[in-house]
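Engineer: Sharing final.pdb below, PDB, C-alpha atoms:
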```
MODEL        1
ATOM      1  CA  MET A   1      -4.441  24.956  -0.209
ATOM      2  CA  ALA A   2      -4.031  28.697   0.374
ATOM      3  CA  PHE A   3      -5.704  30.600   3.201
ATOM      4  CA  GLN A   4      -6.655  34.262   3.255
ATOM      5  CA  SER A   5      -4.537  36.590   5.349
ATOM      6  CA  GLY A   6      -5.698  36.569   8.957
ATOM      7  CA  TYR A   7      -7.708  33.365   8.543
ATOM      8  CA  ARG A   8      -7.100  30.748  11.230
ATOM      9  CA  PRO A   9      -7.246  27.201   9.772
ATOM     10  CA  THR A  10      -9.721  24.881  11.437
ATOM     11  CA  LEU A  11      -9.239  21.218  12.311
ATOM     12  CA  ARG A  12     -11.224  20.397   9.195
ATOM     13  CA  ASP A  13      -8.750  22.390   7.091
ATOM     14  CA  MET A  14      -5.864  20.482   8.658
ATOM     15  CA  HIS A  15      -7.597  17.201   7.921
ATOM     16  CA  SER A  16      -7.917  18.206   4.254
ATOM     17  CA  LEU A  17      -4.228  19.075   4.095
ATOM     18  CA  ARG A  18      -3.364  15.627   5.478
ATOM     19  CA  ALA A  19      -5.672  14.071   2.881
ATOM     20  CA  ALA A  20      -3.743  15.916   0.160
ATOM     21  CA  SER A  21      -0.467  14.373   1.311
ATOM     22  CA  ARG A  22      -1.857  10.840   0.822
ATOM     23  CA  GLY A  23      -3.527  11.605  -2.494
ATOM     24  CA  GLY A  24      -7.129  11.773  -1.292
ATOM     25  CA  ALA A  25      -9.808  14.166  -2.508
ATOM     26  CA  VAL A  26      -9.203  17.755  -1.409
ATOM     27  CA  GLU A  27     -11.869  20.393  -1.023
ATOM     28  CA  ALA A  28     -11.071  23.357  -3.209
ATOM     29  CA  ASP A  29     -13.248  25.822  -1.349
ATOM     30  CA  LEU A  30     -12.450  25.505   2.354
ATOM     31  CA  GLU A  31     -12.723  28.964   3.828
ATOM     32  CA  ALA A  32     -14.625  30.411   6.766
ATOM     33  CA  GLY A  33     -18.178  29.712   5.691
ATOM     34  CA  ARG A  34     -18.112  27.200   2.830
ATOM     35  CA  LYS A  35     -18.838  28.593  -0.624
ATOM     36  CA  GLY A  36     -19.881  26.379  -3.487
ATOM     37  CA  PRO A  37     -19.994  22.581  -3.735
ATOM     38  CA  ARG A  38     -17.294  20.262  -2.501
ATOM     39  CA  THR A  39     -14.819  19.928  -5.405
ATOM     40  CA  SER A  40     -11.615  17.960  -5.870
ATOM     41  CA  LEU A  41      -8.775  19.999  -7.327
ATOM     42  CA  PRO A  42      -7.540  18.900 -10.781
ATOM     43  CA  GLU A  43      -3.977  18.348  -9.561
ATOM     44  CA  MET A  44      -5.197  15.735  -7.093
ATOM     45  CA  PHE A  45      -5.567  13.323  -9.999
ATOM     46  CA  ASP A  46      -2.004  13.617 -11.264
ATOM     47  CA  GLY A  47      -0.567  10.157 -11.723
ATOM     48  CA  ARG A  48      -3.907   8.330 -11.757
ATOM     49  CA  GLY A  49      -3.493   5.438 -14.164
ATOM     50  CA  GLY A  50      -7.162   4.665 -14.666
ATOM     51  CA  TYR A  51      -8.472   1.599 -16.450
ATOM     52  CA  ASP A  52      -5.829  -0.815 -17.771
ATOM     53  CA  GLU A  53      -6.751  -2.752 -20.924
ATOM     54  CA  ASN A  54      -3.875  -5.194 -20.301
ATOM     55  CA  PHE A  55      -5.057  -6.117 -16.813
ATOM     56  CA  LEU A  56      -6.092  -9.649 -17.852
ATOM     57  CA  GLY A  57      -2.738 -10.467 -19.446
ATOM     58  CA  GLU A  58      -2.951 -11.801 -22.983
ATOM     59  CA  PHE A  59      -6.711 -11.188 -22.966
ATOM     60  CA  VAL A  60      -6.566  -7.496 -23.914
ATOM     61  CA  VAL A  61      -9.841  -5.682 -23.228
ATOM     62  CA  PRO A  62      -9.940  -2.091 -24.543
ATOM     63  CA  MET A  63     -12.439   0.443 -23.257
ATOM     64  CA  PRO A  64     -15.649   0.470 -25.317
ATOM     65  CA  THR A  65     -15.964   3.045 -28.056
ATOM     66  CA  SER A  66     -19.069   5.056 -28.834
ATOM     67  CA  GLY A  67     -20.752   4.652 -32.186
ATOM     68  CA  ASP A  68     -24.264   4.892 -33.593
ATOM     69  CA  GLY A  69     -24.209   8.683 -33.256
ATOM     70  CA  ARG A  70     -23.285   8.529 -29.551
ATOM     71  CA  GLY A  71     -19.770   9.844 -30.151
ATOM     72  CA  ASP A  72     -21.078  13.405 -30.344
ATOM     73  CA  ASP A  73     -22.396  13.038 -26.793
ATOM     74  CA  VAL A  74     -19.010  12.166 -25.256
ATOM     75  CA  LEU A  75     -17.681  14.979 -23.083
ATOM     76  CA  ALA A  76     -14.347  16.105 -24.504
ATOM     77  CA  VAL A  77     -11.517  15.660 -21.971
ATOM     78  CA  PRO A  78      -7.805  14.910 -22.475
ATOM     79  CA  GLY A  79      -7.491  11.269 -23.438
ATOM     80  CA  GLY A  80     -11.267  11.001 -23.871
ATOM     81  CA  ARG A  81     -11.830   9.803 -20.298
ATOM     82  CA  LEU A  82     -11.419  10.770 -16.641
ATOM     83  CA  ASP A  83      -8.860   8.518 -14.968
ATOM     84  CA  TYR A  84      -9.081   7.532 -11.294
ATOM     85  CA  THR A  85      -7.367   4.786  -9.282
ATOM     86  CA  HIS A  86      -7.992   1.492 -11.117
ATOM     87  CA  PHE A  87     -10.985   2.872 -13.033
ATOM     88  CA  SER A  88     -11.967   5.399 -15.699
ATOM     89  CA  VAL A  89     -15.136   7.310 -16.594
ATOM     90  CA  VAL A  90     -16.453   8.512 -19.960
ATOM     91  CA  MET A  91     -18.994  11.303 -19.463
ATOM     92  CA  SER A  92     -22.167  12.101 -21.401
ATOM     93  CA  LYS A  93     -22.546  15.769 -22.306
ATOM     94  CA  SER A  94     -26.327  15.674 -22.550
ATOM     95  CA  ARG A  95     -27.033  13.698 -19.357
ATOM     96  CA  ARG A  96     -24.137  15.082 -17.267
ATOM     97  CA  ILE A  97     -23.481  11.594 -15.864
ATOM     98  CA  ALA A  98     -21.213   8.779 -16.997
ATOM     99  CA  MET A  99     -21.956   7.209 -20.361
ATOM    100  CA  PHE A 100     -19.972   4.247 -19.054
ATOM    101  CA  VAL A 101     -17.216   3.323 -16.617
ATOM    102  CA  GLY A 102     -14.500   0.681 -16.699
ATOM    103  CA  VAL A 103     -12.787  -0.834 -13.646
ATOM    104  CA  ASN A 104     -10.092  -3.434 -13.025
ATOM    105  CA  ILE A 105     -10.716  -5.676  -9.997
ATOM    106  CA  SER A 106      -8.104  -7.801  -8.245
ATOM    107  CA  GLY A 107      -9.808  -9.959  -5.631
ATOM    108  CA  GLU A 108      -6.491 -11.397  -4.509
ATOM    109  CA  GLU A 109      -5.198  -7.935  -3.542
ATOM    110  CA  SER A 110      -8.488  -6.586  -2.200
ATOM    111  CA  VAL A 111      -8.236  -4.364   0.871
ATOM    112  CA  PRO A 112     -11.351  -4.075   3.099
ATOM    113  CA  ILE A 113     -12.164  -0.435   3.807
ATOM    114  CA  ALA A 114     -15.056   0.422   6.084
ATOM    115  CA  ARG A 115     -17.655   2.772   4.658
ATOM    116  CA  THR A 116     -17.963   5.902   6.744
ATOM    117  CA  ALA A 117     -19.995   9.027   6.085
ATOM    118  CA  ASP A 118     -20.435   9.529   2.343
ATOM    119  CA  LYS A 119     -18.758  12.697   1.088
ATOM    120  CA  TRP A 120     -19.359  13.179  -2.596
ATOM    121  CA  SER A 121     -17.301  15.660  -4.610
ATOM    122  CA  LEU A 122     -17.401  17.243  -8.022
ATOM    123  CA  ASP A 123     -14.387  16.552 -10.234
ATOM    124  CA  GLY A 124     -12.503  19.804 -10.758
ATOM    125  CA  ARG A 125     -11.107  18.649 -14.100
ATOM    126  CA  ILE A 126     -14.431  19.359 -15.779
ATOM    127  CA  ALA A 127     -16.892  22.225 -15.446
ATOM    128  CA  PRO A 128     -19.422  22.009 -12.587
ATOM    129  CA  ASP A 129     -22.293  22.236 -15.065
ATOM    130  CA  ALA A 130     -20.930  19.192 -16.924
ATOM    131  CA  GLN A 131     -21.685  16.895 -13.974
ATOM    132  CA  LEU A 132     -24.768  16.343 -11.848
ATOM    133  CA  GLY A 133     -24.159  17.331  -8.245
ATOM    134  CA  GLU A 134     -26.073  17.380  -5.004
ATOM    135  CA  GLU A 135     -28.876  19.426  -6.542
ATOM    136  CA  MET A 136     -30.159  16.279  -8.284
ATOM    137  CA  TYR A 137     -30.357  14.181  -5.096
ATOM    138  CA  ALA A 138     -31.694  16.634  -2.524
ATOM    139  CA  ASP A 139     -35.177  16.128  -1.023
ATOM    140  CA  ASN A 140     -36.199  13.021  -2.993
ATOM    141  CA  LEU A 141     -35.805   9.231  -3.009
ATOM    142  CA  LEU A 142     -33.013   9.135  -5.565
ATOM    143  CA  ASP A 143     -29.786   7.456  -4.474
ATOM    144  CA  ARG A 144     -26.319   8.483  -5.541
ATOM    145  CA  GLY A 145     -25.731   5.112  -7.138
ATOM    146  CA  HIS A 146     -22.096   4.094  -7.573
ATOM    147  CA  LEU A 147     -21.419   2.959 -11.139
ATOM    148  CA  VAL A 148     -17.991   1.641 -10.175
ATOM    149  CA  ARG A 149     -18.943  -0.198  -6.999
ATOM    150  CA  ARG A 150     -17.098   1.262  -4.016
ATOM    151  CA  GLU A 151     -15.284  -1.976  -3.127
ATOM    152  CA  ASP A 152     -14.193  -2.875  -6.672
ATOM    153  CA  PRO A 153     -11.057  -0.712  -7.125
ATOM    154  CA  ASN A 154     -10.009  -0.995  -3.458
ATOM    155  CA  TRP A 155      -6.973  -3.213  -3.915
ATOM    156  CA  GLY A 156      -3.217  -2.887  -3.668
ATOM    157  CA  GLU A 157      -1.263  -0.110  -2.013
ATOM    158  CA  ASP A 158      -3.573   2.567  -3.456
ATOM    159  CA  ALA A 159      -6.763   1.042  -2.032
ATOM    160  CA  GLU A 160      -7.651   4.012   0.198
ATOM    161  CA  THR A 161      -7.166   6.469  -2.643
ATOM    162  CA  ALA A 162      -9.332   4.289  -4.883
ATOM    163  CA  ASN A 163     -12.062   4.234  -2.247
ATOM    164  CA  GLU A 164     -12.088   8.037  -2.074
ATOM    165  CA  ASP A 165     -12.033   8.311  -5.870
ATOM    166  CA  THR A 166     -15.308   6.382  -6.129
ATOM    167  CA  PHE A 167     -17.090   9.175  -4.225
ATOM    168  CA  HIS A 168     -17.103  11.590  -7.150
ATOM    169  CA  PHE A 169     -20.348  12.608  -8.794
ATOM    170  CA  THR A 170     -18.850  11.542 -12.134
ATOM    171  CA  ASN A 171     -19.066   7.965 -10.804
ATOM    172  CA  CYS A 172     -22.706   8.012  -9.775
ATOM    173  CA  ALA A 173     -26.091   8.111 -11.408
ATOM    174  CA  PRO A 174     -29.567   8.819 -10.042
ATOM    175  CA  GLN A 175     -31.123   5.503  -9.013
ATOM    176  CA  MET A 176     -34.112   4.584  -6.898
ATOM    177  CA  GLY A 177     -33.152   3.023  -3.576
ATOM    178  CA  ALA A 178     -34.580  -0.371  -4.527
ATOM    179  CA  TYR A 179     -32.073  -0.555  -7.416
ATOM    180  CA  ASN A 180     -29.233  -1.625  -5.128
ATOM    181  CA  GLN A 181     -30.457  -5.156  -4.750
ATOM    182  CA  LYS A 182     -28.279  -8.001  -3.491
ATOM    183  CA  THR A 183     -28.338 -10.048  -6.687
ATOM    184  CA  TRP A 184     -27.066  -7.166  -8.826
ATOM    185  CA  LEU A 185     -24.319  -6.212  -6.408
ATOM    186  CA  SER A 186     -23.065  -9.787  -6.037
ATOM    187  CA  LEU A 187     -22.398 -10.458  -9.720
ATOM    188  CA  GLU A 188     -18.723  -9.493  -9.617
ATOM    189  CA  ASP A 189     -18.287 -11.484  -6.397
ATOM    190  CA  TYR A 190     -19.681 -14.552  -8.107
ATOM    191  CA  VAL A 191     -17.338 -14.241 -11.082
ATOM    192  CA  LEU A 192     -14.335 -13.584  -8.849
ATOM    193  CA  LYS A 193     -15.015 -16.761  -6.889
ATOM    194  CA  ASN A 194     -15.072 -18.707 -10.134
ATOM    195  CA  THR A 195     -11.771 -17.337 -11.474
ATOM    196  CA  ARG A 196      -9.458 -18.179  -8.564
ATOM    197  CA  ARG A 197      -7.005 -19.984 -10.782
ATOM    198  CA  TRP A 198      -6.430 -16.713 -12.579
ATOM    199  CA  LYS A 199      -5.735 -14.721  -9.430
ATOM    200  CA  GLU A 200      -9.306 -13.447  -9.181
ATOM    201  CA  ARG A 201      -8.941 -10.730 -11.786
ATOM    202  CA  VAL A 202     -11.872  -9.344 -13.739
ATOM    203  CA  THR A 203     -12.654  -6.256 -15.747
ATOM    204  CA  VAL A 204     -16.097  -4.674 -15.443
ATOM    205  CA  PHE A 205     -17.845  -2.081 -17.584
ATOM    206  CA  SER A 206     -21.071  -0.500 -16.316
ATOM    207  CA  GLY A 207     -23.400   2.271 -17.319
ATOM    208  CA  PRO A 208     -26.944   3.488 -17.918
ATOM    209  CA  VAL A 209     -29.180   2.897 -20.909
ATOM    210  CA  PHE A 210     -30.144   6.288 -22.344
ATOM    211  CA  ARG A 211     -33.609   6.298 -23.903
ATOM    212  CA  ASP A 212     -35.383   9.129 -25.672
ATOM    213  CA  ASP A 213     -38.436   8.652 -23.444
ATOM    214  CA  ASP A 214     -36.557   8.690 -20.117
ATOM    215  CA  ARG A 215     -38.478  10.685 -17.542
ATOM    216  CA  ILE A 216     -37.274  14.292 -17.209
ATOM    217  CA  TYR A 217     -36.683  15.275 -13.608
ATOM    218  CA  ARG A 218     -35.084  18.565 -12.637
ATOM    219  CA  GLY A 219     -34.178  19.070 -16.272
ATOM    220  CA  ILE A 220     -32.356  15.760 -16.713
ATOM    221  CA  GLY A 221     -33.477  12.437 -18.191
ATOM    222  CA  ILE A 222     -33.366   9.758 -15.477
ATOM    223  CA  PRO A 223     -32.150   6.369 -16.817
ATOM    224  CA  THR A 224     -34.560   3.529 -16.162
ATOM    225  CA  ALA A 225     -32.082   0.741 -16.949
ATOM    226  CA  PHE A 226     -28.462  -0.048 -16.165
ATOM    227  CA  TRP A 227     -26.106  -2.647 -17.616
ATOM    228  CA  LYS A 228     -22.935  -4.436 -16.633
ATOM    229  CA  VAL A 229     -20.441  -6.309 -18.845
ATOM    230  CA  ILE A 230     -17.829  -8.510 -17.183
ATOM    231  CA  ALA A 231     -14.672  -9.827 -18.869
ATOM    232  CA  PHE A 232     -12.421 -12.464 -17.293
ATOM    233  CA  VAL A 233     -10.290 -15.523 -17.973
ATOM    234  CA  SER A 234     -12.263 -18.632 -17.048
ATOM    235  CA  ASP A 235     -10.917 -21.616 -15.142
ATOM    236  CA  ASN A 236     -10.232 -23.402 -18.423
ATOM    237  CA  GLY A 237      -7.919 -20.559 -19.442
ATOM    238  CA  LEU A 238     -10.197 -19.117 -22.104
ATOM    239  CA  PRO A 239     -11.248 -15.480 -22.491
ATOM    240  CA  SER A 240     -14.840 -15.044 -21.333
ATOM    241  CA  ALA A 241     -17.460 -12.323 -21.155
ATOM    242  CA  THR A 242     -20.975 -12.031 -19.795
ATOM    243  CA  ALA A 243     -23.537  -9.230 -19.530
ATOM    244  CA  TYR A 244     -26.397  -8.212 -17.241
ATOM    245  CA  MET A 245     -29.118  -5.608 -17.154
ATOM    246  CA  VAL A 246     -31.601  -4.319 -14.597
ATOM    247  CA  ASP A 247     -34.572  -2.065 -15.283
ATOM    248  CA  GLN A 248     -35.942   0.356 -12.698
ATOM    249  CA  SER A 249     -38.853   1.768 -14.697
ATOM    250  CA  ARG A 250     -41.351   0.477 -12.090
ATOM    251  CA  GLU A 251     -39.579   2.398  -9.339
ATOM    252  CA  LEU A 252     -39.492   5.608 -11.351
ATOM    253  CA  GLY A 253     -43.264   5.702 -11.772
ATOM    254  CA  SER A 254     -43.143   8.032  -8.796
ATOM    255  CA  LEU A 255     -40.289   9.830  -7.135
ATOM    256  CA  GLU A 256     -42.342  10.025  -3.963
ATOM    257  CA  ALA A 257     -42.682   6.259  -3.423
ATOM    258  CA  ALA A 258     -40.864   3.081  -4.415
ATOM    259  CA  PHE A 259     -42.899   0.151  -5.627
ATOM    260  CA  GLY A 260     -40.838  -2.859  -4.614
ATOM    261  CA  ALA A 261     -38.121  -4.988  -6.107
ATOM    262  CA  PHE A 262     -37.492  -5.656  -9.760
ATOM    263  CA  ARG A 263     -35.687  -8.366 -11.669
ATOM    264  CA  THR A 264     -32.149  -8.668 -12.936
ATOM    265  CA  TYR A 265     -31.546 -10.327 -16.290
ATOM    266  CA  GLN A 266     -28.540 -11.917 -17.900
ATOM    267  CA  ARG A 267     -28.293 -10.566 -21.443
ATOM    268  CA  SER A 268     -25.861 -10.801 -24.316
ATOM    269  CA  VAL A 269     -22.954  -8.406 -24.837
ATOM    270  CA  ARG A 270     -24.371  -8.027 -28.332
ATOM    271  CA  ARG A 271     -27.697  -6.792 -26.937
ATOM    272  CA  ILE A 272     -25.992  -4.300 -24.629
ATOM    273  CA  GLU A 273     -24.182  -2.920 -27.681
ATOM    274  CA  GLN A 274     -27.518  -2.476 -29.458
ATOM    275  CA  LEU A 275     -29.138  -0.742 -26.478
ATOM    276  CA  THR A 276     -26.250   1.606 -25.732
ATOM    277  CA  GLY A 277     -24.667   2.320 -29.104
ATOM    278  CA  LEU A 278     -21.322   1.254 -27.622
ATOM    279  CA  ASP A 279     -18.817  -1.023 -29.331
ATOM    280  CA  PHE A 280     -17.199  -3.619 -27.060
ATOM    281  CA  GLY A 281     -14.790  -4.813 -29.722
ATOM    282  CA  GLU A 282     -14.223  -8.561 -29.653
ATOM    283  CA  LEU A 283     -16.002  -9.217 -26.338
ATOM    284  CA  SER A 284     -19.171 -10.616 -27.899
ATOM    285  CA  ARG A 285     -17.085 -13.434 -29.408
ATOM    286  CA  TYR A 286     -16.361 -14.679 -25.889
ATOM    287  CA  ASP A 287     -19.960 -14.483 -24.648
ATOM    288  CA  GLY A 288     -22.138 -17.586 -24.930
ATOM    289  CA  PHE A 289     -25.370 -15.582 -25.120
ATOM    290  CA  SER A 290     -24.044 -13.494 -28.043
ATOM    291  CA  ASN A 291     -22.877 -16.578 -29.924
ATOM    292  CA  GLU A 292     -26.230 -18.293 -29.344
ATOM    293  CA  GLU A 293     -28.061 -15.257 -30.684
ATOM    294  CA  ARG A 294     -25.897 -15.233 -33.806
ATOM    295  CA  ASP A 295     -26.510 -18.951 -34.374
ATOM    296  CA  THR A 296     -30.272 -18.902 -33.768
ATOM    297  CA  GLY A 297     -31.267 -15.398 -34.818
ATOM    298  CA  THR A 298     -33.230 -14.992 -31.579
ATOM    299  CA  THR A 299     -32.693 -12.740 -28.564
ATOM    300  CA  ILE A 300     -31.529 -14.541 -25.425
ATOM    301  CA  GLU A 301     -32.595 -13.342 -21.990
ATOM    302  CA  SER A 302     -32.472 -15.158 -18.651
ATOM    303  CA  ALA A 303     -33.962 -13.943 -15.362
ATOM    304  CA  ILE A 304     -31.642 -14.150 -12.352
ATOM    305  CA  ARG A 305     -33.246 -15.026  -9.039
ATOM    306  CA  ASP A 306     -30.056 -16.190  -7.322
ATOM    307  CA  GLN A 307     -26.484 -17.098  -8.254
ATOM    308  CA  SER A 308     -27.505 -20.542  -9.483
ATOM    309  CA  ASP A 309     -29.195 -18.837 -12.464
ATOM    310  CA  ILE A 310     -25.968 -17.198 -13.674
ATOM    311  CA  ARG A 311     -24.400 -18.796 -16.744
ATOM    312  CA  VAL A 312     -20.693 -18.119 -17.412
TER     313      VAL A 312
ENDMDL
END
```
How would this structure read if it were set down as structure tokens?
Structural biologist:
Amino acid sequence: MAFQSGYRPTLRDMHSLRAASRGGAVEADLEAGRKGPRTSLPEMFDGRGGYDENFLGEFVVPMPTSGDGRGDDVLAVPGGRLDYTHFSVVMSKSRRIAMFVGVNISGEESVPIARTADKWSLDGRIAPDAQLGEEMYADNLLDRGHLVRREDPNWGEDAETANEDTFHFTNCAPQMGAYNQKTWLSLEDYVLKNTRRWKERVTVFSGPVFRDDDRIYRGIGIPTAFWKVIAFVSDNGLPSATAYMVDQSRELGSLEAAFGAFRTYQRSVRRIEQLTGLDFGELSRYDGFSNEERDTGTTIESAIRDQSDIRV
């Protein structure tokens, strides 16, 4: 960080310099009188490994690929994705939010990190106008909804860096406050508790469903549904996958008021592929719902009221 001649650094500037030494997000525009949005410098991400497809050992789980015409909407970046600590993001050009994210979770190595004041930053590796910033979330009921849940990548010696990495606008999407319901947020916890024999390791992909009729708000289509695909090795040693989806169309009927809770559904990986245009490779082979759909020719959907409704 360079300061103008004659400028006396503040305590806040010194704090940012200390954050740089431990690999945290650094504000690129700290001067007397802040100018522009909070932005992490590109060099801060040097050495970030991102999502690891070999995280589950012999069960190799590559990042999804975009098909069905969606490939043209992927924001071009080196390597095709933005790498952070233990997770990666693939951005949508048209929506300026993530098309999907992938994260590796190690429950055995999890480090609890208290949530303090949220400080969201733009990612300096891509243009500011390629990512939705604070202008989308000001003066309304939209939440900055984490796509990679804040706690998920917070494991190992880089846990604090991972926690800070999750607070980038590339890792959030506009969601109504009621979206963050307990059932949805506890899905990974449930799977982790049921994979203890395999050191509590899971891989999670998450993202929005982009629809042509999504409501336009401040020039951007607001997703009304989000999905989650979880891959893990089950207690019997077999590769497994399961998928979930939640729809917030009721809540988006008005951005001035929320209309109560909505339901979470367990779906098939196959159905998520159809809705998103993404290809999850071999994952649908390891998903009971997908196999049942192939055998019966019918779509399988199960409402989740509590963890007892989850089938893995």
Engineer: Calculate how many Å separate atom CA of Thr166 of chain A from atom CA of Ile222 of chain A, rounding to one decimal.
Structural biologist: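 Value for the atom CA of Thr166 of chain A-atom CA of Ile222 of chain A distance: 20.6 Å.
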Engineer: Decode the PyMOL selection byres ((chain A and resi 165) around 12) for the given file into explicit residues and return them as number ranges by chain.
Structural biologist: A: 23-26, 39-40, 44-45, 48, 50, 82-89, 118-123, 146, 148-154, 158-164, 166-172
Engineer: Using all atoms listed in the file, can you tell me which of A:Ala114, A:Ile220, A:Ala127, A:Met176 comes closest to Leu142 of chain A?
Structural biologist: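 Looking at the shortest contact to Leu142 of chain A, the residue is A:Met176.
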Engineer: Let me know the centre plus edge lengths, in Å and rounded to one decimal, of a box with edges along x, y and z that contains all listed atoms of segment 265-282 of chain A and is padded by 4 Å on every side, as lines of an AutoDock Vina configuration file.
Structural biologist:
```
center_x = -22.9
center_y = -4.8
center_z = -23.0
size_x = 25.3
size_y = 22.2
size_z = 21.4
```
Engineer: So which residues touch Gln274 of chain A within 12 Å, counting all atoms listed in the file, skipping near sequence neighbours fewer than 4 positions away, as JSON, numbers by chain?
Structural biologist: {"A": [66, 67, 68, 70, 209, 210, 227, 267, 268, 269, 270, 278, 279, 280, 284, 290, 299]}
Engineer: Which residue gives the smallest distance to Asp72 of chain A among A:Gly288, A:Gly277, A:Pro223, A:Gly145, with all atoms listed in the file counted?
Structural biologist: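 Closest candidate: A:Gly277.
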